[in-house]
>>> print(open('target.cif').read())   # mmCIF, C-alpha atoms
data_run
loop_
_atom_site.label_atom_id
_atom_site.label_comp_id
_atom_site.auth_asym_id
_atom_site.auth_seq_id
_atom_site.Cartn_x
_atom_site.Cartn_y
_atom_site.Cartn_z
CA MET A 14 0.00 0.00 0.00
CA ALA A 15 1.51 3.30 -1.10
CA LEU A 16 0.50 6.57 0.51
CA ALA A 17 1.59 10.11 -0.47
CA LEU A 18 3.42 11.72 2.37
CA GLY A 19 2.08 15.18 1.63
CA ALA A 20 -1.38 14.10 2.73
CA PHE A 21 -0.39 14.22 6.39
CA SER A 22 -0.16 17.21 8.68
CA LEU A 23 3.10 19.15 8.58
CA LEU A 24 5.37 19.62 11.55
CA ALA A 25 7.28 22.79 12.25
CA HIS A 26 10.69 21.35 13.17
CA SER A 27 13.39 20.41 10.66
CA SER A 28 14.55 17.01 9.46
CA CYS A 29 17.41 14.94 10.86
CA ARG A 30 20.86 15.89 9.66
CA PRO A 31 23.58 13.49 8.46
CA ASP A 32 25.51 13.77 11.72
CA GLU A 33 22.55 12.63 13.80
CA ALA A 34 22.04 9.10 15.08
CA GLY A 35 21.67 6.48 12.40
CA GLY A 36 23.34 8.42 9.62
CA SER A 37 25.60 5.43 9.05
CA GLY A 38 26.45 2.11 10.67
CA GLY A 39 24.11 -0.53 12.07
CA PRO A 40 20.63 -0.42 13.58
CA VAL A 41 19.82 2.22 16.18
CA ALA A 42 17.94 1.23 19.34
CA LEU A 43 15.69 4.20 20.07
CA SER A 44 13.89 2.55 23.00
CA PRO A 45 13.71 -0.89 24.71
CA TRP A 46 10.79 -1.54 22.38
CA LEU A 47 12.01 -0.53 18.91
CA SER A 48 15.13 -0.19 16.79
CA VAL A 49 15.51 1.39 13.35
CA SER A 50 18.03 0.60 10.61
CA ALA A 51 18.87 4.31 10.12
CA THR A 52 17.39 7.68 10.99
CA HIS A 53 18.70 9.67 8.03
CA HIS A 54 19.46 9.29 4.34
CA ASP A 55 20.79 11.76 1.79
CA PHE A 56 19.62 10.90 -1.73
CA GLY A 57 22.02 13.49 -3.15
CA GLU A 58 21.30 14.97 -6.58
CA ILE A 59 18.55 13.30 -8.60
CA PRO A 60 18.13 14.28 -12.27
CA HIS A 61 14.55 15.34 -12.91
CA GLY A 62 12.44 12.53 -14.30
CA LEU A 63 13.99 9.72 -12.22
CA VAL A 64 12.83 7.79 -9.15
CA ARG A 65 15.05 6.93 -6.17
CA GLU A 66 14.28 4.64 -3.23
CA LYS A 67 15.60 3.99 0.27
CA VAL A 68 14.42 1.19 2.55
CA PHE A 69 14.25 1.72 6.32
CA THR A 70 13.37 -1.07 8.75
CA ILE A 71 11.84 -0.74 12.20
CA THR A 72 12.05 -3.83 14.42
CA ASN A 73 9.99 -4.66 17.49
CA THR A 74 12.88 -5.64 19.78
CA GLY A 75 10.70 -5.82 22.87
CA SER A 76 8.62 -8.60 24.37
CA GLN A 77 5.22 -7.00 23.79
CA ARG A 78 3.09 -6.10 20.81
CA VAL A 79 3.29 -2.48 19.53
CA ARG A 80 0.82 -0.62 17.35
CA LEU A 81 1.38 2.12 14.77
CA ASN A 82 -0.79 5.05 15.78
CA GLY A 83 0.02 7.24 12.78
CA ILE A 84 2.63 8.88 10.57
CA ARG A 85 3.28 12.61 10.38
CA SER A 86 5.35 13.62 7.38
CA GLN A 87 6.63 16.50 5.32
CA CYS A 88 7.43 16.02 1.67
CA THR A 89 5.91 17.03 -1.67
CA CYS A 90 7.37 14.38 -3.98
CA ALA A 91 7.96 11.25 -1.92
CA TYR A 92 5.78 8.25 -1.13
CA LEU A 93 5.91 5.66 1.62
CA GLU A 94 5.33 1.98 0.96
CA LYS A 95 4.88 -0.24 4.01
CA ARG A 96 4.92 -3.97 4.66
CA VAL A 97 5.43 -6.24 7.66
CA LEU A 98 8.13 -8.93 7.71
CA ARG A 99 8.04 -11.95 10.02
CA ASP A 100 11.01 -14.31 10.06
CA GLY A 101 12.35 -12.41 7.04
CA ARG A 102 9.25 -12.90 4.90
CA ALA A 103 6.39 -10.54 4.15
CA ILE A 104 3.13 -11.47 5.82
CA ASP A 105 -0.37 -10.80 4.60
CA GLN A 106 -1.45 -8.17 7.10
CA PRO A 107 -3.73 -5.18 6.44
CA ILE A 108 -1.88 -1.86 6.73
CA HIS A 109 -4.23 0.29 8.79
CA GLU A 110 -2.49 3.64 8.70
CA PRO A 111 -4.05 5.87 9.76
CA PRO A 112 -6.12 3.71 12.14
CA ILE A 113 -9.59 2.75 10.92
CA LEU A 114 -12.66 2.95 13.18
CA ASP A 115 -14.59 -0.32 12.91
CA LYS A 116 -17.51 -1.34 15.13
CA GLY A 117 -16.52 1.04 17.91
CA SER A 118 -12.81 0.21 17.98
CA PHE A 119 -9.78 1.25 15.99
CA LEU A 120 -8.01 -1.15 13.65
CA MET A 121 -4.26 -0.43 13.77
CA LEU A 122 -1.11 -1.88 12.27
CA GLU A 123 0.35 -4.24 14.90
CA LEU A 124 3.89 -5.58 15.26
CA GLU A 125 4.51 -8.73 17.26
CA PRO A 126 7.91 -9.18 18.98
CA LEU A 127 10.67 -9.46 16.32
CA ASP A 128 8.30 -8.30 13.55
CA VAL A 129 9.85 -5.80 11.15
CA LEU A 130 8.05 -2.84 9.61
CA GLU A 131 9.73 -2.14 6.27
CA LEU A 132 9.35 1.41 4.98
CA THR A 133 10.33 2.21 1.41
CA VAL A 134 10.74 5.93 0.82
CA ARG A 135 10.28 6.50 -2.90
CA VAL A 136 11.26 9.94 -4.24
CA ASP A 137 9.53 10.52 -7.57
CA THR A 138 10.99 13.67 -9.14
CA THR A 139 8.33 13.74 -11.87
CA LEU A 140 5.91 15.02 -9.22
CA ARG A 141 7.89 18.27 -9.09
CA SER A 142 8.29 20.97 -11.70
CA PRO A 143 11.30 20.36 -13.98
CA LEU A 144 13.34 22.97 -12.09
CA ASP A 145 16.13 22.73 -9.51
CA HIS A 146 14.65 21.96 -6.11
CA SER A 147 16.11 21.00 -2.72
CA GLU A 148 14.00 19.61 0.07
CA PRO A 149 14.90 18.33 3.54
CA SER A 150 12.05 16.03 4.59
CA TYR A 151 11.08 13.63 7.32
CA SER A 152 8.57 11.10 8.59
CA GLU A 153 7.61 10.58 12.21
CA LEU A 154 6.05 7.27 13.19
CA VAL A 155 4.06 7.38 16.43
CA PHE A 156 3.62 4.06 18.27
CA GLU A 157 1.50 2.74 21.13
CA PRO A 158 1.99 2.22 23.98
CA SER A 159 3.63 5.57 24.55
CA GLU A 160 6.72 3.88 26.00
CA ALA A 161 7.50 2.55 22.53
CA GLY A 162 8.16 6.13 21.51
CA THR A 163 8.20 8.06 18.27
CA ILE A 164 10.67 7.34 15.48
CA ARG A 165 11.81 10.22 13.28
CA ILE A 166 13.42 9.43 9.92
CA GLY A 167 14.97 12.26 7.91
CA TYR A 168 15.85 12.27 4.23
CA GLU A 169 16.94 14.94 1.81
CA PHE A 170 17.55 15.34 -1.88
CA THR A 171 18.23 17.86 -4.62
CA ILE A 172 16.31 17.59 -7.87
CA ARG A 173 18.47 18.70 -10.76
CA ALA A 174 16.80 20.18 -13.86
CA ARG A 175 17.90 18.62 -17.16
CA LEU A 176 17.17 21.62 -19.36
CA GLU A 177 16.31 25.30 -19.08
CA ILE A 178 12.72 26.43 -19.44
CA VAL A 179 12.51 29.91 -20.92
CA THR A 180 8.91 30.83 -20.07
CA ALA A 181 6.85 32.32 -17.28
CA ILE A 182 7.52 31.03 -13.76
CA ASP A 183 4.61 31.45 -11.35
CA ALA A 184 4.80 32.43 -7.69
CA LYS A 185 5.13 28.80 -6.62
CA GLY A 186 8.15 28.29 -8.87
CA SER A 187 6.38 26.22 -11.51
CA PRO A 188 6.97 26.80 -15.22
CA ALA A 189 3.84 27.24 -17.27
CA VAL A 190 2.58 28.52 -20.58
CA ASN A 191 0.02 31.01 -19.30
CA PHE A 192 -2.60 32.05 -21.82
CA GLY A 193 -3.94 34.61 -19.37
CA THR A 194 -7.57 35.69 -19.56
CA PHE A 195 -9.41 35.38 -22.85
CA GLY A 196 -12.94 35.24 -24.20
CA LYS A 197 -14.60 31.86 -24.37
CA GLN A 198 -14.76 32.16 -28.18
CA GLN A 199 -11.29 33.73 -28.60
CA ARG A 200 -8.00 32.11 -29.49
CA ALA A 201 -5.32 32.58 -26.85
CA TYR A 202 -1.56 32.63 -27.32
CA GLY A 203 1.58 31.87 -25.31
CA VAL A 204 5.26 31.16 -25.89
CA LEU A 205 7.43 28.26 -24.72
CA GLU A 206 11.15 27.71 -25.17
CA LEU A 207 13.24 24.77 -23.95
CA ALA A 208 17.00 25.33 -24.03
CA PRO A 209 20.09 23.20 -23.30
CA ARG A 210 21.57 23.17 -19.84
CA ASP A 211 25.18 22.37 -18.96
CA GLY A 212 26.00 22.25 -22.67
CA LYS A 213 23.82 19.19 -23.29
CA ARG A 214 22.08 19.80 -26.60
CA PHE A 215 18.98 17.77 -27.26
CA ASP A 216 16.27 17.07 -29.79
CA ILE A 217 12.54 16.81 -29.22
CA VAL A 218 11.53 13.37 -30.46
CA LYS A 219 7.83 13.51 -29.58
CA ILE A 220 5.26 15.89 -28.10
CA GLU A 221 2.46 14.25 -26.15
CA GLY A 222 -0.74 15.62 -24.66
CA LEU A 223 -1.63 18.47 -27.03
CA GLY A 224 -5.19 17.26 -27.44
CA ASP A 225 -7.60 19.00 -29.79
CA ARG A 226 -7.21 22.52 -28.43
CA ILE A 227 -3.46 23.25 -28.26
CA ARG A 228 -1.46 23.89 -31.41
CA LEU A 229 2.30 24.51 -31.48
CA ASP A 230 4.00 26.50 -34.23
CA LYS A 231 7.80 26.08 -34.24
CA LYS A 232 9.72 29.37 -34.18
CA GLU A 233 13.38 30.40 -34.16
CA ALA A 234 14.85 29.93 -30.68
CA THR A 235 16.37 32.80 -28.73
CA ARG A 236 18.86 30.48 -26.98
CA GLU A 237 21.52 28.54 -28.86
CA GLY A 238 20.40 24.96 -29.33
CA GLY A 239 16.93 25.74 -27.96
CA HIS A 240 13.47 24.83 -29.17
CA ARG A 241 10.81 27.55 -29.27
CA TRP A 242 7.10 27.43 -30.06
CA LEU A 243 4.17 29.79 -30.35
CA ALA A 244 1.31 28.05 -28.56
CA GLU A 245 -2.26 28.67 -29.71
CA LEU A 246 -5.27 27.59 -27.67
CA GLN A 247 -8.42 26.95 -29.67
CA PRO A 248 -11.72 28.17 -28.15
CA ASN A 249 -14.45 25.72 -27.21
CA GLY A 250 -17.20 28.21 -26.35
CA GLU A 251 -17.12 27.51 -22.61
CA ALA A 252 -16.00 29.74 -19.76
CA GLY A 253 -13.79 28.48 -16.93
CA TYR A 254 -10.25 27.56 -15.93
CA PHE A 255 -8.20 25.64 -18.47
CA MET A 256 -5.23 23.44 -17.49
CA GLN A 257 -3.46 20.75 -19.45
CA TYR A 258 -0.03 19.12 -19.27
CA VAL A 259 2.00 18.66 -22.45
CA THR A 260 5.00 16.31 -22.30
CA PHE A 261 8.08 16.93 -24.43
CA HIS A 262 10.06 13.73 -25.05
CA THR A 263 13.78 14.31 -25.58
CA ASP A 264 16.79 12.24 -26.64
CA LEU A 265 18.60 13.00 -23.38
CA ASP A 266 19.65 10.17 -21.04
CA GLU A 267 16.90 7.70 -20.14
CA GLY A 268 14.67 9.32 -22.79
CA TYR A 269 13.98 12.25 -20.47
CA LYS A 270 10.43 13.63 -20.63
CA CYS A 271 9.71 17.23 -19.62
CA PRO A 272 6.08 18.00 -18.61
CA ILE A 273 4.93 21.61 -19.01
CA ARG A 274 1.64 23.01 -17.73
CA PHE A 275 -0.53 25.03 -20.14
CA GLU A 276 -3.20 27.10 -18.44
CA GLY A 277 -5.53 30.06 -18.74
CA VAL A 278 -8.98 31.37 -17.88
CA ALA A 279 -11.78 31.63 -20.42
CA VAL A 280 -14.30 34.29 -19.48
CA ALA A 281 -17.70 35.33 -20.76
CA ASN A 282 -17.81 37.25 -24.04
CA LEU A 283 -19.02 40.33 -22.18
CA GLN A 284 -17.59 41.93 -19.06
CA ILE A 285 -18.79 45.16 -17.44
CA LEU A 286 -16.08 47.20 -15.75
CA PRO A 287 -15.59 48.41 -13.12
CA HIS A 288 -19.05 47.33 -11.95
CA PRO A 289 -22.39 46.60 -13.62
CA ARG A 290 -24.01 49.55 -11.82
CA LEU A 291 -23.95 53.30 -12.46
CA ASP A 292 -24.67 54.47 -8.92
CA PHE A 293 -24.24 58.20 -8.24
CA GLY A 294 -24.01 57.91 -4.45
CA ARG A 295 -24.77 61.04 -2.39
CA PHE A 296 -24.20 64.35 -4.12
CA ASP A 297 -25.56 67.87 -4.55
CA PHE A 298 -28.48 67.74 -7.00
CA THR A 299 -27.64 71.30 -8.13
CA ALA A 300 -24.41 70.07 -9.78
CA LYS A 301 -23.86 68.04 -12.94
CA ARG A 302 -22.83 64.43 -12.50
CA LEU A 303 -21.37 61.78 -14.83
CA ARG A 304 -21.12 58.03 -14.33
CA THR A 305 -19.54 55.52 -16.71
CA ALA A 306 -19.16 51.77 -17.21
CA ASP A 307 -17.14 49.94 -19.88
CA LEU A 308 -18.46 47.02 -21.90
CA VAL A 309 -15.52 44.74 -22.74
CA TYR A 310 -16.61 42.51 -25.60
CA ARG A 311 -14.28 39.60 -26.37
CA ARG A 312 -15.63 38.34 -29.69
CA SER A 313 -13.54 39.59 -32.59
CA ASP A 314 -15.67 37.76 -35.19
CA PHE A 315 -18.91 39.61 -34.46
CA ASP A 316 -20.09 43.23 -34.22
CA PRO A 317 -22.52 43.51 -31.28
CA ARG A 318 -23.80 46.99 -32.34
CA PHE A 319 -24.37 48.18 -28.78
CA ARG A 320 -27.07 50.85 -28.42
CA ILE A 321 -29.17 52.51 -25.72
CA ASP A 322 -32.63 50.96 -25.88
CA LYS A 323 -34.16 52.51 -22.79
CA LEU A 324 -33.48 54.94 -19.96
CA PHE A 325 -35.87 55.09 -17.04
CA VAL A 326 -35.45 57.14 -13.82
CA GLU A 327 -37.98 57.50 -11.00
CA ALA A 328 -38.08 59.92 -8.04
CA ASP A 329 -40.95 60.03 -5.53
CA GLY A 330 -43.05 57.94 -7.90
CA GLN A 331 -42.52 60.30 -10.84
CA ASP A 332 -40.65 59.73 -14.11
CA VAL A 333 -37.70 62.16 -14.03
CA GLY A 334 -35.81 60.75 -17.02
CA ALA A 335 -35.70 64.20 -18.66
CA ARG A 336 -32.87 65.14 -16.25
CA PHE A 337 -30.70 62.25 -17.48
CA GLU A 338 -29.03 61.27 -20.74
CA ALA A 339 -27.35 57.98 -21.65
CA SER A 340 -25.04 57.07 -24.54
CA VAL A 341 -22.76 54.23 -25.60
CA ALA A 342 -19.81 54.48 -27.99
CA PRO A 343 -16.58 52.56 -28.77
CA ILE A 344 -13.44 53.90 -27.04
CA GLU A 345 -10.94 51.26 -28.23
CA LYS A 346 -10.96 47.90 -29.96
CA GLY A 347 -13.26 45.56 -28.08
CA THR A 348 -14.42 48.16 -25.53
CA TRP A 349 -17.49 50.41 -25.47
CA ARG A 350 -18.20 53.06 -22.85
CA VAL A 351 -21.66 53.69 -21.41
CA GLU A 352 -22.08 57.24 -20.08
CA LEU A 353 -24.93 58.39 -17.85
CA ARG A 354 -25.17 62.14 -17.33
CA TYR A 355 -27.32 64.08 -14.86
CA GLU A 356 -28.43 67.66 -15.50
CA PRO A 357 -29.14 69.86 -12.41
CA GLY A 358 -32.64 70.77 -11.28
CA LEU A 359 -34.08 67.64 -9.70
CA GLU A 360 -36.07 68.27 -6.50
CA ALA A 361 -36.28 64.99 -4.66
CA ARG A 362 -34.65 63.06 -1.83
CA ARG A 363 -33.45 60.18 -3.98
CA PHE A 364 -33.84 58.63 -7.42
CA GLU A 365 -33.37 55.21 -8.94
CA GLY A 366 -33.40 53.92 -12.46
CA GLN A 367 -31.76 51.77 -15.09
CA VAL A 368 -30.08 52.02 -18.45
CA GLU A 369 -30.92 49.23 -20.88
CA VAL A 370 -28.30 48.53 -23.55
CA GLY A 371 -29.30 46.37 -26.48
CA SER A 372 -27.06 44.46 -28.89
CA ASP A 373 -27.22 42.22 -31.96
CA ASP A 374 -25.54 39.38 -30.05
CA PRO A 375 -28.33 36.88 -29.22
CA GLU A 376 -26.46 35.98 -26.02
CA TYR A 377 -26.74 39.58 -24.78
CA PRO A 378 -29.90 41.07 -26.33
CA ARG A 379 -30.55 43.19 -23.20
CA ILE A 380 -27.96 44.50 -20.73
CA VAL A 381 -29.40 46.27 -17.68
CA LEU A 382 -27.27 48.79 -15.74
CA PRO A 383 -29.18 49.92 -12.60
CA PHE A 384 -28.33 53.06 -10.65
CA THR A 385 -29.40 55.11 -7.63
CA GLY A 386 -28.61 58.56 -6.23
CA TYR A 387 -29.26 60.49 -3.00
CA HIS A 388 -29.56 64.22 -2.39
CA GLN A 389 -26.73 65.17 -0.09
CA ALA A 390 -28.41 68.22 1.47
CA GLN A 391 -31.73 66.49 2.15
CA SER A 392 -30.03 63.44 3.60
CA GLY A 393 -28.57 65.57 6.42
CA GLU A 394 -24.95 64.96 5.33
CA LYS A 395 -22.50 67.71 4.53
#
>>> encode(input="target.cif", output="C-alpha cells")
Amino acid sequence: MALALGAFSLLAHSSCRPDEAGGSGGPVALSPWLSVSATHHDFGEIPHGLVREKVFTITNTGSQRVRLNGIRSQCTCAYLEKRVLRDGRAIDQPIHEPPILDKGSFLMLELEPLDVLELTVRVDTTLRSPLDHSEPSYSELVFEPSEAGTIRIGYEFTIRARLEIVTAIDAKGSPAVNFGTFGKQQRAYGVLELAPRDGKRFDIVKIEGLGDRIRLDKKEATREGGHRWLAELQPNGEAGYFMQYVTFHTDLDEGYKCPIRFEGVAVANLQILPHPRLDFGRFDFTAKRLRTADLVYRRSDFDPRFRIDKLFVEADGQDVGARFEASVAPIEKGTWRVELRYEPGLEARRFEGQVEVGSDDPEYPRIVLPFTGYHQAQSGEK
C-alpha cells in the first residue's frame, strides 16, 4: 500500500541531519521496544524525471506487541510503501495507517515481537516541476503504547533540472505557458522555449498531450540549441479555468520527458467594468454628474452593435428621465463606454433607475445597468 506523504499534517521542526544518530552504521535502538536501521538518508542529486528509493526497517525488539498510531510527514514528492516482515518474509497483514474505526474500535497496524516494519521511501521527481529543487524532509512514526516512543526518519535530496525552461515562472516556482484571460470564443496565445543546460544539446523526439485545443507553431529559438514554439489555444465556447499538461520527449539520457503546464482562464464574451451599476451615491443635486461603465466585448468575429434601448429614472413615484441622458460608444478595440449624465434641477430626496443597452448578439440582447442617487443636502450629510 503506497501513501503520499504530503497528505499528512506538517510539523514545524526540521529534518534529521547526516551527523545525527543512524546516519551510518548498524541499527539504532531508540527505546527498549524498537530499533531502526537508520534515521537519516541523503539521496544526493537526482536528475529530474527519475525515481530513487531507500528502505528503512523498524524492528519490534521488545517482548510486547506495539501498534502504529500514525505517521506525520513532510514532503511534496515522496511516497511511503509499508509492509510487515516476520522471520524475514512478508506477511499478509492489512496496513491500517491511519487507524480505521470499525464497530466502535480502531483497527491499527500491529507488530509482534521481532516483527519488522519495512518502509520504502520513494522519491519521484516527476511530481515536481522540472526545475532545480532542494527539500529536507522527514517522517515521524508514532507508536503505542507511549513507551514505545516516536521514530523520526529524515531524508533529503536535490532535484536537478535537465534543461532550461525559458517561459513564465509562477509564484510557486512552476513553469507554465500562461494564456492569461481570454474570451470563451477567442483564441489565446503563449510562448514556450526549452534550451540546453550544462552544454547538453537535445532534440525533441515527440510531443504528447496536445489534445484537440493546443497547437504549437515552431519558431526560431532565442537560446543557442533551444526549441521555441508559439502556442495557440483553440476556443471551445465555454467559460472556466483551463489546465493541461503537455509532455516533451527528448533524446537525453533515459529518454527524459519534460512535462509543461498550459493554463488560462476563459471568461464570458461580455464583461462590465468596473461594476455593472452606475450608482451616483450622495451628491448635490444642483451640480452636474457623470457616471460611466465599460463594456468589454471579447468576440472579434462579431459586431454587437451596442445601443441605448431605454433609460428610465424615478423619483418620488414620478418619471424624471428628462434630467438624465445615456449614450454608448466605442473607445478602443473591443471596448465600449456607457455614459450616464445628470443635469441639475431635480427636487427629490433620492432617485433610482436603469439604463438598458441592447445588442445584436443573441447571447446579450438586453444589458441592464441599474443606478441610484441620494440628495446630499436632504439626507442631512454635509
>>> closest_atom_pairs(input="target.cif", of="stretch 157-187 of chain A", to="stretch 56-65 of chain A", cutoff="7 Å", atoms="only C-alpha atoms", output="JSON lines")
{"residue": "A:Glu169", "atom": "CA", "partner": "A:Phe56", "partner_atom": "CA", "distance": 6.0}
{"residue": "A:Phe170", "atom": "CA", "partner": "A:Phe56", "partner_atom": "CA", "distance": 4.9}
{"residue": "A:Thr171", "atom": "CA", "partner": "A:Glu58", "partner_atom": "CA", "distance": 4.6}
{"residue": "A:Ile172", "atom": "CA", "partner": "A:Ile59", "partner_atom": "CA", "distance": 4.9}
{"residue": "A:Arg173", "atom": "CA", "partner": "A:Pro60", "partner_atom": "CA", "distance": 4.7}
{"residue": "A:Ala174", "atom": "CA", "partner": "A:His61", "partner_atom": "CA", "distance": 5.4}
{"residue": "A:Arg175", "atom": "CA", "partner": "A:His61", "partner_atom": "CA", "distance": 6.3}
>>> resolve_selection(input="target.cif", expression="the PyMOL selection byres ((chain A and resi 308) around 7)", output="PyMOL selection string")
chain A and resi 283-286+306-307+309-310+348-350
>>> write_last_selection(input="target.cif", atoms="C-alpha atoms", output="PDB file, keeping the file's coordinate frame")
ATOM      1  CA  LEU A 283     -19.020  40.330 -22.180  1.00  0.00           C
ATOM      2  CA  GLN A 284     -17.590  41.930 -19.060  1.00  0.00           C
ATOM      3  CA  ILE A 285     -18.790  45.160 -17.440  1.00  0.00           C
ATOM      4  CA  LEU A 286     -16.080  47.200 -15.750  1.00  0.00           C
ATOM      5  CA  ALA A 306     -19.160  51.770 -17.210  1.00  0.00           C
ATOM      6  CA  ASP A 307     -17.140  49.940 -19.880  1.00  0.00           C
ATOM      7  CA  VAL A 309     -15.520  44.740 -22.740  1.00  0.00           C
ATOM      8  CA  TYR A 310     -16.610  42.510 -25.600  1.00  0.00           C
ATOM      9  CA  THR A 348     -14.420  48.160 -25.530  1.00  0.00           C
ATOM     10  CA  TRP A 349     -17.490  50.410 -25.470  1.00  0.00           C
ATOM     11  CA  ARG A 350     -18.200  53.060 -22.850  1.00  0.00           C
TER      12      ARG A 350
END
>>> resolve_selection(input="target.cif", expression="the PyMOL selection byres ((chain A and resi 90) around 7)", output="MDAnalysis selection string")
chainID A and resid 88:89 91:92 136:138 140:141
>>> resolve_selection(input="target.cif", expression="the PyMOL selection byres ((chain A and resi 375-377) around 10)", output="ChimeraX atom specification")
/A:282-283,317,319,370-374,378-380
>>> closest_residue(input="target.cif", among="A:Glu360, A:Pro149, A:Gln106, A:Pro158", to="A:Gln77", atoms="all atoms listed in the file")
A:Pro158
>>> closest_residue(input="target.cif", among="A:Lys197, A:Lys270, A:Lys213, A:Arg290", to="A:Asn249", atoms="only C-alpha atoms")
A:Lys197
>>> closest_residue(input="target.cif", among="A:Glu206, A:Ser313, A:Gly224, A:Asn191", to="A:Val278", atoms="all atoms listed in the file")
A:Asn191
>>> residues_around(input="target.cif", residues="A:Arg362", least_positions_apart="2", cutoff="9 Å", atoms="only C-alpha atoms", output="list in words")
Ala328, Asp329, Glu360, Phe364, Gly386, Tyr387, His388, Gln389, Ala390, Gln391 and Ser392 of chain A
>>> write_last_selection(input="target.cif", atoms="C-alpha atoms", output="PDB file, keeping the file's coordinate frame")
ATOM      1  CA  ALA A 328     -38.080  59.920  -8.040  1.00  0.00           C
ATOM      2  CA  ASP A 329     -40.950  60.030  -5.530  1.00  0.00           C
ATOM      3  CA  GLU A 360     -36.070  68.270  -6.500  1.00  0.00           C
ATOM      4  CA  PHE A 364     -33.840  58.630  -7.420  1.00  0.00           C
ATOM      5  CA  GLY A 386     -28.610  58.560  -6.230  1.00  0.00           C
ATOM      6  CA  TYR A 387     -29.260  60.490  -3.000  1.00  0.00           C
ATOM      7  CA  HIS A 388     -29.560  64.220  -2.390  1.00  0.00           C
ATOM      8  CA  GLN A 389     -26.730  65.170  -0.090  1.00  0.00           C
ATOM      9  CA  ALA A 390     -28.410  68.220   1.470  1.00  0.00           C
ATOM     10  CA  GLN A 391     -31.730  66.490   2.150  1.00  0.00           C
ATOM     11  CA  SER A 392     -30.030  63.440   3.600  1.00  0.00           C
TER      12      SER A 392
END
>>> atom_distance(input="target.cif", atom1="atom CA of A:Tyr355", atom2="atom CA of A:Pro383")
14.5 Å
>>> atom_distance(input="target.cif", atom1="atom CA of A:Leu205", atom2="atom CA of A:Trp242")
5.4 Å
>>> residues_around(input="target.cif", residues="A:Pro40", least_positions_apart="5", cutoff="8 Å", atoms="all atoms listed in the file", output="ChimeraX atom specification")
/A:35,48-51
>>> residues_around(input="target.cif", residues="A:Ala300", least_positions_apart="4", cutoff="9 Å", atoms="all atoms listed in the file", output="VMD selection string")
chain A and resid 296 355 to 358
>>> residues_around(input="target.cif", residues="A:Asn73", least_positions_apart="2", cutoff="7 Å", atoms="only C-alpha atoms", output="PyMOL selection string")
chain A and resi 46-48+71+75+124-129
>>> atom_distance(input="target.cif", atom1="atom CA of A:Phe293", atom2="atom CA of A:Ala335")
16.6 Å
>>> closest_residue(input="target.cif", among="A:Met256, A:Ala103, A:Leu303, A:Ile321", to="A:Val368", atoms="only C-alpha atoms")
A:Ile321
>>> residues_around(input="target.cif", residues="A:Gly239", least_positions_apart="5", cutoff="7 Å", atoms="only C-alpha atoms", output="PDB file with C-alpha atoms, in the coordinates of the input")
ATOM      1  CA  GLU A 206      11.150  27.710 -25.170  1.00  0.00           C
ATOM      2  CA  LEU A 207      13.240  24.770 -23.950  1.00  0.00           C
ATOM      3  CA  ALA A 208      17.000  25.330 -24.030  1.00  0.00           C
ATOM      4  CA  PRO A 209      20.090  23.200 -23.300  1.00  0.00           C
ATOM      5  CA  ALA A 234      14.850  29.930 -30.680  1.00  0.00           C
TER       6      ALA A 234
END
>>> closest_residue(input="target.cif", among="A:Pro45, A:Gly193, A:Gly250, A:Pro143", to="A:Glu276", atoms="all atoms listed in the file")
A:Gly193
>>> closest_residue(input="target.cif", among="A:His240, A:Phe275, A:Thr194, A:Leu382", to="A:Arg228", atoms="all atoms listed in the file")
A:Phe275
